[in-house]
>>> print(open('final-v5.cif').read())   # mmCIF, C-alpha atoms
data_target
#
loop_
_atom_site.label_atom_id
_atom_site.label_comp_id
_atom_site.auth_asym_id
_atom_site.auth_seq_id
_atom_site.Cartn_x
_atom_site.Cartn_y
_atom_site.Cartn_z
CA MET A 1 103.01 113.98 78.66
CA ILE A 2 106.37 112.78 79.96
CA LEU A 3 105.81 109.30 78.51
CA LYS A 4 104.92 110.78 75.11
CA GLN A 5 108.08 112.90 75.09
CA LEU A 6 110.28 109.96 76.02
CA LEU A 7 108.83 107.66 73.41
CA SER A 8 109.07 110.30 70.69
CA ARG A 9 112.82 110.62 71.33
CA HIS A 10 113.26 106.87 71.48
CA ALA A 11 113.17 106.51 67.68
CA TYR A 12 116.46 108.26 67.08
CA LEU A 13 118.29 107.18 70.25
CA GLN A 14 118.64 103.52 69.33
CA LYS A 15 122.41 103.42 69.52
CA TYR A 16 124.10 103.56 72.91
CA SER A 17 126.23 106.57 73.71
CA PRO A 18 129.76 105.99 72.35
CA ALA A 19 132.35 104.91 74.85
CA SER A 20 134.77 107.32 73.24
CA ALA A 21 133.12 109.99 75.38
CA VAL A 22 134.92 108.49 78.37
CA ARG A 23 138.11 110.42 78.97
CA THR A 24 141.23 108.79 80.31
CA ALA A 25 142.46 112.01 81.90
CA ILE A 26 142.76 111.89 85.67
CA SER A 27 140.89 114.40 87.79
CA LYS A 28 143.11 117.36 88.72
CA SER A 29 142.02 117.41 92.32
CA ALA A 30 141.08 114.75 94.84
CA LYS A 31 137.42 114.34 95.64
CA CYS A 32 136.33 113.16 99.06
CA CYS A 33 133.01 111.45 99.72
CA ARG A 34 130.92 110.77 102.79
CA GLY A 35 132.10 107.88 104.90
CA ASN A 36 130.10 104.66 105.28
CA ASN A 37 130.69 100.96 105.73
CA LEU A 38 132.60 100.88 102.47
CA ARG A 39 135.85 102.80 102.54
CA ARG A 40 136.02 105.74 100.13
CA VAL A 41 139.33 107.31 99.20
CA ALA A 42 140.55 110.16 97.04
CA ARG A 43 143.16 109.76 94.35
CA GLN A 44 145.65 112.44 93.37
CA CYS A 45 146.57 113.32 89.82
CA GLY A 46 149.52 111.36 88.44
CA ARG A 47 149.50 108.65 91.09
CA CYS A 48 150.58 105.14 90.06
CA PHE A 49 148.26 102.28 91.00
CA SER A 50 149.73 99.00 92.20
CA THR A 51 146.43 97.39 93.21
CA LYS A 52 143.73 95.78 91.10
CA ILE A 53 141.09 98.33 90.07
CA VAL A 54 137.77 97.49 88.42
CA LEU A 55 135.12 99.66 86.79
CA GLY A 56 131.63 98.24 87.37
CA ILE A 57 128.68 99.12 85.12
CA GLU A 58 125.04 98.33 85.93
CA THR A 59 122.04 98.74 83.58
CA SER A 60 119.97 95.61 84.20
CA CYS A 61 116.69 97.40 84.93
CA ASP A 62 116.00 101.09 85.60
CA ASP A 63 119.15 102.35 87.33
CA THR A 64 122.28 103.43 85.45
CA GLY A 65 125.18 102.87 87.81
CA ALA A 66 128.97 102.94 87.64
CA ALA A 67 131.68 102.60 90.26
CA VAL A 68 135.43 102.21 90.49
CA MET A 69 136.76 99.97 93.28
CA ASP A 70 140.07 98.50 94.31
CA GLU A 71 140.69 95.00 95.61
CA THR A 72 140.65 96.05 99.27
CA GLY A 73 137.06 97.30 99.04
CA ASN A 74 137.76 101.00 98.63
CA ILE A 75 135.17 102.88 96.56
CA LEU A 76 137.36 105.17 94.49
CA GLY A 77 134.44 106.80 92.71
CA GLU A 78 130.80 106.12 91.93
CA ALA A 79 127.80 107.64 90.18
CA LEU A 80 124.16 106.62 89.82
CA HIS A 81 121.19 107.81 87.79
CA SER A 82 117.80 106.54 88.94
CA GLN A 83 114.82 106.40 86.60
CA GLY A 84 112.41 105.88 89.50
CA GLU A 85 110.64 109.22 89.20
CA VAL A 86 109.92 108.71 85.51
CA HIS A 87 108.55 105.19 85.95
CA LEU A 88 106.51 106.30 88.95
CA LYS A 89 104.67 108.73 86.69
CA THR A 90 104.11 106.14 83.95
CA GLY A 91 102.78 103.52 86.39
CA GLY A 92 105.60 101.03 85.94
CA ILE A 93 108.77 100.32 84.00
CA ILE A 94 108.35 100.60 80.23
CA PRO A 95 111.37 98.80 78.70
CA PRO A 96 111.89 101.12 75.67
CA VAL A 97 111.78 104.14 77.99
CA ALA A 98 114.25 102.51 80.37
CA GLN A 99 116.51 101.72 77.42
CA GLN A 100 116.42 105.29 76.19
CA LEU A 101 117.23 106.74 79.60
CA HIS A 102 120.19 104.37 79.93
CA GLN A 103 121.42 105.49 76.51
CA GLU A 104 121.13 109.14 77.52
CA ASN A 105 122.96 108.74 80.83
CA ILE A 106 125.49 105.91 80.65
CA SER A 107 128.39 107.92 79.22
CA ARG A 108 127.92 110.70 81.79
CA ILE A 109 127.59 108.28 84.71
CA VAL A 110 130.74 106.36 83.79
CA GLN A 111 132.65 109.61 83.30
CA GLU A 112 131.50 110.88 86.70
CA ALA A 113 132.63 107.68 88.42
CA LEU A 114 136.02 107.78 86.71
CA SER A 115 136.52 111.49 87.39
CA ALA A 116 135.61 111.10 91.07
CA SER A 117 138.06 108.21 91.38
CA GLY A 118 140.99 109.96 89.72
CA VAL A 119 141.48 106.78 87.71
CA GLY A 120 141.81 106.72 83.95
CA VAL A 121 140.53 103.90 81.79
CA ASP A 122 144.13 102.89 81.05
CA ASP A 123 144.69 102.40 84.81
CA LEU A 124 141.86 99.87 85.10
CA SER A 125 142.59 96.19 85.60
CA ALA A 126 139.24 95.22 84.06
CA VAL A 127 135.68 96.32 83.31
CA ALA A 128 132.80 94.37 84.88
CA THR A 129 129.26 94.71 83.56
CA THR A 130 125.90 93.13 84.30
CA VAL A 131 124.95 90.86 81.40
CA LYS A 132 122.27 88.73 83.10
CA PRO A 133 119.46 88.56 84.14
CA GLY A 134 117.37 91.67 83.55
CA LEU A 135 115.43 93.64 80.95
CA ALA A 136 116.82 92.81 77.51
CA LEU A 137 116.78 96.38 76.24
CA SER A 138 118.46 97.69 79.38
CA LEU A 139 121.12 94.97 79.47
CA GLY A 140 121.92 95.68 75.83
CA VAL A 141 122.83 99.29 76.56
CA GLY A 142 125.34 98.45 79.29
CA LEU A 143 126.86 95.55 77.38
CA GLY A 144 127.20 97.49 74.12
CA TYR A 145 128.83 100.44 75.85
CA SER A 146 131.20 98.20 77.82
CA LEU A 147 132.31 96.15 74.83
CA GLU A 148 133.23 99.28 72.91
CA LEU A 149 135.12 100.55 75.95
CA VAL A 150 137.16 97.37 76.57
CA ASN A 151 137.89 96.82 72.89
CA ARG A 152 139.07 100.42 72.49
CA HIS A 153 141.36 100.28 75.53
CA LYS A 154 142.33 96.58 75.33
CA LYS A 155 141.02 95.75 78.80
CA PRO A 156 139.80 92.42 80.19
CA PHE A 157 136.01 92.09 80.44
CA ILE A 158 134.15 90.39 83.29
CA PRO A 159 130.48 89.49 82.61
CA ILE A 160 128.45 89.71 85.83
CA HIS A 161 125.36 87.84 87.01
CA HIS A 162 123.19 90.50 88.64
CA MET A 163 121.99 88.28 91.51
CA GLU A 164 125.49 86.98 92.20
CA ALA A 165 126.55 90.60 92.62
CA HIS A 166 123.72 91.26 95.10
CA ALA A 167 124.70 88.14 97.04
CA LEU A 168 128.37 89.09 97.32
CA THR A 169 127.94 92.80 98.16
CA ILE A 170 128.02 91.97 101.88
CA ARG A 171 131.63 90.79 101.52
CA ALA A 172 132.63 94.34 100.56
CA THR A 173 131.16 95.76 103.78
CA ASN A 174 131.61 92.93 106.31
CA ARG A 175 134.04 90.08 106.91
CA VAL A 176 131.82 87.24 105.71
CA GLU A 177 133.44 83.93 104.80
CA PHE A 178 131.94 81.23 102.60
CA PRO A 179 129.65 79.40 102.95
CA PHE A 180 126.64 81.50 103.96
CA LEU A 181 122.90 81.50 103.34
CA VAL A 182 121.64 84.35 101.18
CA LEU A 183 118.12 85.68 100.63
CA LEU A 184 117.72 88.00 97.64
CA LEU A 185 114.59 90.14 97.62
CA SER A 186 113.86 92.63 94.85
CA GLY A 187 111.34 93.86 92.31
CA GLY A 188 112.32 91.10 89.91
CA HIS A 189 113.58 88.22 92.06
CA CYS A 190 113.13 86.26 95.27
CA ILE A 191 115.85 83.67 95.82
CA LEU A 192 117.16 81.53 98.68
CA ALA A 193 120.60 80.06 98.05
CA VAL A 194 123.76 78.86 99.75
CA ALA A 195 126.81 80.83 98.63
CA ARG A 196 129.74 78.41 98.70
CA GLY A 197 132.12 80.52 96.64
CA VAL A 198 132.32 83.51 94.34
CA SER A 199 130.54 81.66 91.54
CA ASP A 200 129.32 78.60 93.46
CA PHE A 201 125.70 78.70 94.61
CA LEU A 202 123.15 76.07 95.63
CA LEU A 203 119.63 77.23 94.81
CA LEU A 204 117.20 76.19 97.57
CA GLY A 205 114.11 78.01 96.33
CA GLN A 206 112.79 80.96 94.36
CA THR A 207 109.50 82.61 93.48
CA VAL A 208 107.18 80.56 91.30
CA ASP A 209 105.38 83.63 89.97
CA ILE A 210 106.10 87.30 90.69
CA ALA A 211 108.67 88.95 92.95
CA PRO A 212 107.86 90.65 96.28
CA GLY A 213 108.80 94.13 95.06
CA ASP A 214 106.58 93.72 92.02
CA MET A 215 103.67 92.63 94.22
CA LEU A 216 104.09 95.59 96.58
CA ASP A 217 104.19 98.01 93.66
CA LYS A 218 100.99 96.57 92.19
CA VAL A 219 99.15 96.65 95.51
CA ALA A 220 100.26 100.26 96.06
CA ARG A 221 98.91 101.23 92.64
CA ARG A 222 95.63 99.40 93.32
CA LEU A 223 95.33 101.30 96.62
CA SER A 224 96.08 104.55 94.75
CA LEU A 225 98.73 105.44 97.32
CA GLN A 226 100.28 108.00 94.98
CA GLN A 227 97.22 110.14 95.68
CA HIS A 228 97.88 110.05 99.41
CA PRO A 229 99.68 113.24 100.48
CA GLU A 230 102.17 111.27 102.57
CA CYS A 231 103.13 108.96 99.71
CA SER A 232 103.74 111.36 96.86
CA GLY A 233 107.07 110.54 95.24
CA LEU A 234 107.49 107.24 97.09
CA SER A 235 107.90 103.94 95.28
CA GLY A 236 105.16 101.37 95.79
CA GLY A 237 107.12 99.40 98.35
CA LYS A 238 108.12 102.47 100.32
CA ALA A 239 104.53 103.76 100.24
CA ILE A 240 103.22 100.45 101.60
CA GLU A 241 105.84 100.47 104.36
CA HIS A 242 105.06 104.06 105.31
CA MET A 243 101.28 103.55 105.47
CA ALA A 244 101.68 100.24 107.31
CA GLN A 245 103.25 102.06 110.27
CA GLN A 246 99.83 103.59 111.01
CA GLY A 247 97.76 100.46 110.39
CA ASN A 248 96.51 97.35 112.18
CA LYS A 249 98.22 94.41 110.48
CA LEU A 250 95.84 91.89 112.06
CA ARG A 251 92.58 93.55 111.00
CA TYR A 252 92.41 91.52 107.79
CA GLY A 253 93.25 87.83 107.98
CA LEU A 254 95.18 87.43 104.76
CA ARG A 255 96.27 83.85 104.19
CA VAL A 256 100.02 83.18 104.19
CA PRO A 257 100.93 81.69 100.79
CA MET A 258 102.08 78.07 100.39
CA ASP A 259 101.78 77.29 104.09
CA GLN A 260 101.09 73.61 103.38
CA GLN A 261 103.94 73.17 100.90
CA LEU A 262 107.10 72.00 102.65
CA ASN A 263 109.68 73.62 100.38
CA CYS A 264 111.54 76.90 100.07
CA SER A 265 109.67 78.26 97.06
CA PHE A 266 107.82 81.58 97.23
CA SER A 267 104.56 82.84 95.76
CA PHE A 268 103.23 86.39 95.78
CA ALA A 269 100.63 86.46 93.00
CA GLY A 270 98.00 84.75 95.15
CA LEU A 271 98.54 87.23 97.98
CA GLN A 272 98.11 90.08 95.52
CA ASN A 273 94.84 88.59 94.27
CA ASN A 274 93.55 88.17 97.83
CA VAL A 275 94.35 91.80 98.62
CA ASN A 276 92.63 92.94 95.42
CA ARG A 277 89.47 91.08 96.44
CA VAL A 278 89.48 92.76 99.85
CA ILE A 279 89.99 96.16 98.19
CA MET A 280 87.06 95.60 95.81
CA LYS A 281 84.86 94.58 98.72
CA LYS A 282 85.80 97.64 100.78
CA GLU A 283 85.29 99.97 97.79
CA LYS A 284 81.79 98.60 97.38
CA GLU A 285 81.05 99.02 101.10
CA GLU A 286 82.32 102.62 101.11
CA GLY A 287 80.71 103.51 97.78
CA LEU A 288 84.03 104.39 96.14
CA GLN A 289 85.31 103.97 92.61
CA GLN A 290 88.69 102.47 91.78
CA GLY A 291 91.27 105.21 92.19
CA GLN A 292 89.71 106.73 95.29
CA LEU A 293 91.39 106.29 98.66
CA LEU A 294 89.82 103.86 101.11
CA SER A 295 89.47 104.83 104.75
CA CYS A 296 91.17 101.56 105.74
CA VAL A 297 94.18 101.98 103.47
CA SER A 298 96.68 101.89 106.35
CA ASP A 299 95.25 98.65 107.73
CA LEU A 300 95.39 97.02 104.29
CA ALA A 301 98.98 98.15 103.79
CA ALA A 302 99.93 96.77 107.21
CA ALA A 303 98.16 93.47 106.53
CA VAL A 304 99.80 92.83 103.18
CA GLN A 305 103.25 93.78 104.47
CA HIS A 306 102.87 91.55 107.53
CA THR A 307 101.67 88.58 105.49
CA LEU A 308 104.54 89.06 103.06
CA ALA A 309 107.05 89.18 105.90
CA VAL A 310 105.66 86.03 107.54
CA HIS A 311 105.75 84.14 104.22
CA ILE A 312 109.37 85.10 103.60
CA ALA A 313 110.40 84.35 107.18
CA LYS A 314 108.84 80.87 107.19
CA ARG A 315 110.50 79.83 103.92
CA THR A 316 113.83 81.16 105.18
CA HIS A 317 113.39 79.27 108.46
CA ARG A 318 112.98 76.04 106.48
CA ALA A 319 116.12 76.84 104.47
CA ILE A 320 118.08 77.31 107.70
CA LEU A 321 116.88 73.96 109.03
CA PHE A 322 117.68 72.23 105.72
CA CYS A 323 121.20 73.65 105.75
CA GLY A 324 121.67 72.38 109.29
CA GLN A 325 120.46 68.88 108.48
CA ASN A 326 122.76 68.66 105.47
CA ASN A 327 125.85 70.36 106.94
CA LEU A 328 125.84 73.05 104.26
CA LEU A 329 126.98 75.78 106.64
CA LEU A 330 129.59 76.02 109.38
CA PRO A 331 127.72 75.84 112.73
CA ASP A 332 130.11 78.27 114.44
CA ASN A 333 129.75 80.87 111.66
CA ALA A 334 126.15 80.46 110.47
CA THR A 335 125.12 83.63 108.65
CA LEU A 336 122.02 84.76 106.77
CA VAL A 337 122.69 87.58 104.31
CA VAL A 338 119.68 89.52 103.02
CA SER A 339 120.11 91.79 100.03
CA GLY A 340 118.17 93.37 97.16
CA GLY A 341 115.87 96.39 97.06
CA VAL A 342 113.13 94.87 99.24
CA ALA A 343 115.69 93.89 101.88
CA SER A 344 115.49 97.41 103.31
CA ASN A 345 111.90 96.82 104.45
CA GLN A 346 112.01 96.94 108.25
CA SER A 347 109.04 94.63 108.78
CA ILE A 348 110.73 91.89 106.76
CA ARG A 349 113.99 92.44 108.61
CA LYS A 350 112.28 92.17 112.00
CA ALA A 351 110.62 88.90 111.01
CA LEU A 352 113.95 87.51 109.80
CA GLN A 353 115.63 88.70 112.99
CA ILE A 354 113.17 86.61 115.00
CA VAL A 355 114.04 83.56 112.87
CA THR A 356 117.80 84.04 113.09
CA GLU A 357 117.73 84.60 116.85
CA ALA A 358 115.72 81.40 117.27
CA THR A 359 118.16 79.40 115.14
CA GLY A 360 121.47 80.87 116.29
CA PHE A 361 122.23 82.62 112.99
CA SER A 362 123.72 86.05 112.41
CA LEU A 363 121.64 88.36 110.21
CA LEU A 364 123.58 90.69 107.94
CA CYS A 365 122.34 93.23 105.38
CA PRO A 366 124.35 95.62 103.20
CA PRO A 367 123.74 99.36 103.78
CA PRO A 368 120.35 100.35 102.32
CA ARG A 369 121.89 102.28 99.43
CA LEU A 370 123.76 99.12 98.37
CA CYS A 371 120.67 96.92 98.57
CA THR A 372 119.21 98.57 95.47
CA ASP A 373 120.91 98.31 92.06
CA ASN A 374 124.21 100.18 91.84
CA GLY A 375 127.60 100.13 90.22
CA VAL A 376 129.45 99.34 93.45
CA MET A 377 128.09 95.80 93.67
CA ILE A 378 129.09 95.12 90.07
CA ALA A 379 132.59 96.47 90.58
CA TRP A 380 133.00 94.40 93.75
CA ASN A 381 131.80 91.23 92.01
CA GLY A 382 134.36 92.01 89.32
CA ILE A 383 137.08 92.34 91.97
CA GLU A 384 136.11 88.99 93.49
CA ARG A 385 136.14 87.27 90.10
CA LEU A 386 139.40 88.94 89.07
CA ARG A 387 141.13 87.73 92.25
CA GLU A 388 139.91 84.18 91.65
CA GLY A 389 140.51 84.24 87.90
CA LEU A 390 136.87 83.38 87.25
CA GLY A 391 135.20 84.46 84.01
CA VAL A 392 137.81 87.07 83.09
CA LEU A 393 137.63 87.42 79.31
CA TYR A 394 140.37 88.72 77.06
CA SER A 395 138.25 88.32 73.95
CA THR A 396 134.70 89.64 73.77
CA GLU A 397 133.69 87.72 70.68
CA GLY A 398 130.30 86.08 71.06
CA ILE A 399 129.37 87.81 74.34
CA ARG A 400 125.60 88.13 74.67
CA TYR A 401 123.24 89.37 77.36
CA GLU A 402 120.76 86.93 78.92
CA PRO A 403 117.40 88.31 80.16
CA LYS A 404 116.79 85.09 82.09
CA ALA A 405 119.56 83.26 83.90
CA PRO A 406 119.39 80.87 86.88
CA LEU A 407 121.69 81.31 89.87
CA GLY A 408 123.82 78.28 90.70
CA THR A 409 122.84 74.63 90.95
CA ASP A 410 119.17 73.99 91.64
CA ILE A 411 118.66 71.60 94.59
CA SER A 412 115.10 72.74 95.37
CA GLU A 413 113.76 69.22 94.74
CA GLN A 414 115.98 67.90 97.53
CA VAL A 415 114.58 70.58 99.82
CA GLU A 416 111.03 69.53 98.99
CA LYS A 417 111.83 65.84 99.50
CA ALA A 418 113.19 66.65 102.96
CA ALA A 419 109.68 67.91 103.85
CA ILE A 420 110.87 69.86 106.86
CA ARG A 421 108.15 71.19 109.14
CA VAL A 422 108.96 74.60 110.55
CA PRO A 423 108.32 75.21 114.27
CA GLU A 424 105.85 77.98 115.05
CA LEU A 425 107.42 81.32 115.97
CA ASN A 426 105.67 84.47 117.06
CA LEU A 427 106.15 86.67 114.00
CA THR A 428 103.57 89.31 114.87
CA MET A 429 106.45 91.65 115.81
CA GLY A 430 104.52 93.66 118.39
#
>>> encode(input="final-v5.cif", output="structure tokens")
Amino acid sequence: MILKQLLSRHAYLQKYSPASAVRTAISKSAKCCRGNNLRRVARQCGRCFSTKIVLGIETSCDDTGAAVMDETGNILGEALHSQGEVHLKTGGIIPPVAQQLHQENISRIVQEALSASGVGVDDLSAVATTVKPGLALSLGVGLGYSLELVNRHKKPFIPIHHMEAHALTIRATNRVEFPFLVLLLSGGHCILAVARGVSDFLLLGQTVDIAPGDMLDKVARRLSLQQHPECSGLSGGKAIEHMAQQGNKLRYGLRVPMDQQLNCSFSFAGLQNNVNRVIMKKEKEEGLQQGQLLSCVSDLAAAVQHTLAVHIAKRTHRAILFCGQNNLLLPDNATLVVSGGVASNQSIRKALQIVTEATGFSLLCPPPRLCTDNGVMIAWNGIERLREGLGVLYSTEGIRYEPKAPLGTDISEQVEKAAIRVPELNLTMG
């Protein structure tokens, strides 16, 4: 029913909400927010701003986010609208529905972020917006809205690479200097890269098929976890993680993908297929139809999560060794940054912790709420680019969104040629 209603309204909501709905008036009273690793401050009416201030707008997938930040890392105001509940009911993200929901919410979300910050559009130093990669229809909403906004108010525009923003978020919460190794895990990406500068990345490896978050969502749907009373309202990845806590991860010997390939690429489609075969076999043994809950659902969830974590940890271990052999990182400040929506999975973090402890690396992750898509990471990426004078546009002519866009310079062939064998570590994690 909800899908039918959304699609019926889609026909006449093709144009994004006009940016003219954004008011430049400053909030009459200061608004304080909960404290966290990122500093939040209130702004009083009529105050003059001497620091760089950026509005960040995010609409690359299914979250409409906006945030206002200054160059010292203060979050002046933020707002976020998640479409997760809608897509959970429809069994996955439907691009036209995501587009429509962005159109319905973007003006309100930007206004809320500006009002909370006490900053007017005329006080902004620039507007930063995700333009790549992502869902074409979703990217188009954010870009269209932003271009109208910057053209109306004569503000510089900073196009943002979504994965670059994820990679740099840690620099807003921790003192992390370049270079560092970054692992980006999400529903749409899986990337290992060396961050050498704000817009300077060396790509060591990425998924050759689907992303880890996508795989977890599909396995959760195949296990019908939404029907489990403990998983109602949870995303696929969160449902798998919750059920895995009660399961035996070693009951099913799922093969770790690409174990014989000495590179830093990832693969998750084969693991998904292997899990599906086990599920079909168990359904037959228990006399169940697809859609009915298996008695061993916790063990299957634990097995797939463990195998996923081991796969990611081993590829990351090889990346660490490659960086060491090629002097890509500073030995006295070797850091692995893990970000993206899947980075909040505790099993994956524990496996990576074992790897970093064995190799003398520090493991850093942004706060969980900043691992998923949000406006803060876009605003911060805009601040970083504004300070460096990178990609700051004063004319928006010819700006286009890019659904597919690589991150940095691809040196994955060099990684494969190095053929580094990874020492065995105990990744069973108890």
>>> closest_residue(input="final-v5.cif", among="A:Lys238, A:Arg400, A:Arg255, A:Arg421", to="Phe322 of chain A", atoms="all atoms listed in the file")
A:Arg421
>>> resolve_selection(input="final-v5.cif", expression="the PyMOL selection byres ((chain A and resi 355) around 9)", output="PyMOL selection string")
chain A and resi 313-314+316-317+350-354+356-361+425+427
>>> resolve_selection(input="final-v5.cif", expression="the PyMOL selection byres ((chain A and resi 55-62) around 7)", output="PDB file with C-alpha atoms, in the coordinates of the input")
ATOM      1  CA  ILE A  53     141.090  98.330  90.070  1.00  0.00           C
ATOM      2  CA  VAL A  54     137.770  97.490  88.420  1.00  0.00           C
ATOM      3  CA  ASP A  63     119.150 102.350  87.330  1.00  0.00           C
ATOM      4  CA  THR A  64     122.280 103.430  85.450  1.00  0.00           C
ATOM      5  CA  GLY A  65     125.180 102.870  87.810  1.00  0.00           C
ATOM      6  CA  ALA A  66     128.970 102.940  87.640  1.00  0.00           C
ATOM      7  CA  ALA A  67     131.680 102.600  90.260  1.00  0.00           C
ATOM      8  CA  VAL A  68     135.430 102.210  90.490  1.00  0.00           C
ATOM      9  CA  MET A  69     136.760  99.970  93.280  1.00  0.00           C
ATOM     10  CA  SER A  82     117.800 106.540  88.940  1.00  0.00           C
ATOM     11  CA  GLN A  83     114.820 106.400  86.600  1.00  0.00           C
ATOM     12  CA  ALA A  98     114.250 102.510  80.370  1.00  0.00           C
ATOM     13  CA  HIS A 102     120.190 104.370  79.930  1.00  0.00           C
ATOM     14  CA  LEU A 124     141.860  99.870  85.100  1.00  0.00           C
ATOM     15  CA  ALA A 126     139.240  95.220  84.060  1.00  0.00           C
ATOM     16  CA  VAL A 127     135.680  96.320  83.310  1.00  0.00           C
ATOM     17  CA  ALA A 128     132.800  94.370  84.880  1.00  0.00           C
ATOM     18  CA  THR A 129     129.260  94.710  83.560  1.00  0.00           C
ATOM     19  CA  THR A 130     125.900  93.130  84.300  1.00  0.00           C
ATOM     20  CA  GLY A 134     117.370  91.670  83.550  1.00  0.00           C
ATOM     21  CA  LEU A 135     115.430  93.640  80.950  1.00  0.00           C
ATOM     22  CA  SER A 138     118.460  97.690  79.380  1.00  0.00           C
ATOM     23  CA  LEU A 139     121.120  94.970  79.470  1.00  0.00           C
ATOM     24  CA  GLY A 142     125.340  98.450  79.290  1.00  0.00           C
ATOM     25  CA  ASN A 374     124.210 100.180  91.840  1.00  0.00           C
ATOM     26  CA  GLY A 375     127.600 100.130  90.220  1.00  0.00           C
ATOM     27  CA  VAL A 376     129.450  99.340  93.450  1.00  0.00           C
ATOM     28  CA  ILE A 378     129.090  95.120  90.070  1.00  0.00           C
ATOM     29  CA  ALA A 379     132.590  96.470  90.580  1.00  0.00           C
TER      30      ALA A 379
END
>>> residues_around(input="final-v5.cif", residues="segment 335-342 of chain A", least_positions_apart="6", cutoff="9 Å", atoms="only C-alpha atoms", output="number ranges by chain")
A: 163, 166-167, 169-170, 176, 179-187, 189-190, 212-213, 237, 320, 329, 348-349, 356, 360-366, 368-373
>>> residues_around(input="final-v5.cif", residues="Ala301 of chain A", least_positions_apart="3", cutoff="7 Å", atoms="only C-alpha atoms", output="list in words")
Ile240, Met243, Ala244, Val297, Ser298, Val304 and Gln305 of chain A
>>> atom_distance(input="final-v5.cif", atom1="atom CA of Asn327 of chain A", atom2="atom CA of Ala343 of chain A")
26.1 Å
>>> atom_distance(input="final-v5.cif", atom1="atom CA of Ser267 of chain A", atom2="atom CA of Val97 of chain A")
28.7 Å
>>> atom_distance(input="final-v5.cif", atom1="atom CA of Leu192 of chain A", atom2="atom CA of Ala211 of chain A")
12.6 Å
>>> closest_residue(input="final-v5.cif", among="A:Gln103, A:Cys323, A:Gly398, A:Val110", to="Leu80 of chain A", atoms="only C-alpha atoms")
A:Val110
>>> resolve_selection(input="final-v5.cif", expression="the PyMOL selection byres ((chain A and resi 157) around 8)", output="list in words")
Ala126, Val127, Ala128, Thr129, Leu147, Val150, Lys155, Pro156, Ile158, Pro159, Val392, Leu393, Tyr394, Ser395 and Thr396 of chain A
>>> residues_around(input="final-v5.cif", residues="Arg385 of chain A", least_positions_apart="2", cutoff="10 Å", atoms="only C-alpha atoms", output="list in words")
Ala128, Ile158, Pro159, Ile160, Val198, Ser199, Ala379, Trp380, Asn381, Gly382, Ile383, Arg387, Glu388, Gly389, Leu390, Gly391 and Val392 of chain A
>>> closest_residue(input="final-v5.cif", among="A:Leu168, A:Ile420, A:Ile75, A:Val208", to="Val194 of chain A", atoms="all atoms listed in the file")
A:Leu168
>>> build_atoms(input="final-v5.cif", residues="segment 307-319 of chain A", atoms="N, CA and C atoms", output="PDB file, in the frame of the given file")
ATOM      1  N   THR A 307     101.823  89.903 106.100  1.00  0.00           N
ATOM      2  CA  THR A 307     101.670  88.580 105.490  1.00  0.00           C
ATOM      3  C   THR A 307     102.868  88.254 104.614  1.00  0.00           C
ATOM      4  N   LEU A 308     103.343  89.233 103.879  1.00  0.00           N
ATOM      5  CA  LEU A 308     104.540  89.060 103.060  1.00  0.00           C
ATOM      6  C   LEU A 308     105.734  88.695 103.919  1.00  0.00           C
ATOM      7  N   ALA A 309     105.916  89.424 105.018  1.00  0.00           N
ATOM      8  CA  ALA A 309     107.050  89.180 105.900  1.00  0.00           C
ATOM      9  C   ALA A 309     107.000  87.790 106.526  1.00  0.00           C
ATOM     10  N   VAL A 310     105.814  87.358 106.933  1.00  0.00           N
ATOM     11  CA  VAL A 310     105.660  86.030 107.540  1.00  0.00           C
ATOM     12  C   VAL A 310     105.977  84.943 106.512  1.00  0.00           C
ATOM     13  N   HIS A 311     105.485  85.112 105.287  1.00  0.00           N
ATOM     14  CA  HIS A 311     105.750  84.140 104.220  1.00  0.00           C
ATOM     15  C   HIS A 311     107.252  84.008 103.988  1.00  0.00           C
ATOM     16  N   ILE A 312     107.933  85.119 103.852  1.00  0.00           N
ATOM     17  CA  ILE A 312     109.370  85.100 103.600  1.00  0.00           C
ATOM     18  C   ILE A 312     110.123  84.495 104.780  1.00  0.00           C
ATOM     19  N   ALA A 313     109.723  84.855 105.981  1.00  0.00           N
ATOM     20  CA  ALA A 313     110.400  84.350 107.180  1.00  0.00           C
ATOM     21  C   ALA A 313     110.255  82.838 107.320  1.00  0.00           C
ATOM     22  N   LYS A 314     109.069  82.309 107.055  1.00  0.00           N
ATOM     23  CA  LYS A 314     108.840  80.870 107.190  1.00  0.00           C
ATOM     24  C   LYS A 314     109.654  80.069 106.174  1.00  0.00           C
ATOM     25  N   ARG A 315     109.726  80.549 104.937  1.00  0.00           N
ATOM     26  CA  ARG A 315     110.500  79.830 103.920  1.00  0.00           C
ATOM     27  C   ARG A 315     111.993  79.888 104.269  1.00  0.00           C
ATOM     28  N   THR A 316     112.420  81.024 104.792  1.00  0.00           N
ATOM     29  CA  THR A 316     113.830  81.160 105.180  1.00  0.00           C
ATOM     30  C   THR A 316     114.146  80.265 106.371  1.00  0.00           C
ATOM     31  N   HIS A 317     113.213  80.157 107.302  1.00  0.00           N
ATOM     32  CA  HIS A 317     113.390  79.270 108.460  1.00  0.00           C
ATOM     33  C   HIS A 317     113.608  77.830 107.981  1.00  0.00           C
ATOM     34  N   ARG A 318     112.821  77.404 107.010  1.00  0.00           N
ATOM     35  CA  ARG A 318     112.980  76.040 106.480  1.00  0.00           C
ATOM     36  C   ARG A 318     114.349  75.879 105.822  1.00  0.00           C
ATOM     37  N   ALA A 319     114.801  76.899 105.105  1.00  0.00           N
ATOM     38  CA  ALA A 319     116.120  76.840 104.470  1.00  0.00           C
ATOM     39  C   ALA A 319     117.217  76.687 105.512  1.00  0.00           C
TER      40      ALA A 319
END
